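This report refers to the structure that appears directly beneath it.
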Amino acid sequence: MRKLQMQIIMNERWYIYIAIAALSALLYWACDKLQILKPKPLRIFVVLLIASLICWGISDIVCAPA
């Protein structure tokens, strides 16, 4: 059972999570430098939401079957 769970996790597109983390870091840095969205919890939420939507959208376009 445990081996099957690990196999399912490894078959997912793990590189998308790395792209979300990298894009989130860049967006957070830009928002912090430009003083966009002063409240920190709101800034984190918005950055994660935007980064995940961008990455998932691009991955769906690139990896979608023709």
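Residues in the structure tokens are numbered from 1 in each chain, the chains being A, B, ... in the order shown, and ligands are numbered from 1 in the order shown.
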
### Task
Using backbone DSSP assignments, extract all helix (DSSP H, G or I) residues from chain A; output them as number ranges by chain.
A: 2-11, 15-33, 40-63

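Between CA of Ile36 (chain A) and CA of Ile54 (chain A) lies a distance of 18.9 Å.
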
### Coordinates-based distance that separates CA of Arg43 (chain A) from CA of Gly57 (chain A) (Å, one decimal)
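Between these atoms lies a distance of 21.0 Å.
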
### Query
Which polymer residues have any atom within 10 Å of an atom of region 30-35 of chain A, counting only C-alpha atoms, with same-chain residues fewer than 5 positions away left out, as a PyMOL selection string?
chain A and resi 24-25+40+43-44+47

### Task
Find the spatial neighbours of region 58-63 of chain A, counting only C-alpha atoms, within a cut-off of 10 Å - ignore same-chain residues fewer than 4 positions away - and output them as a ChimeraX atom specification.
/A:13,15-16,19,52-54

### Task
Check the smallest atom-to-atom distance from each of A:Ala64, A:Ile20, A:Lys38, A:Trp29 to Ile50 (chain A) using only C-alpha atoms, then report the winner.
A:Ile20

### Query
Hey, can you check how far CA of Phe45 (chain A) sits from CA of Trp14 (chain A)?
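If I compute the distance from CA of Phe45 (chain A) to CA of Trp14 (chain A), I get 21.5 Å.
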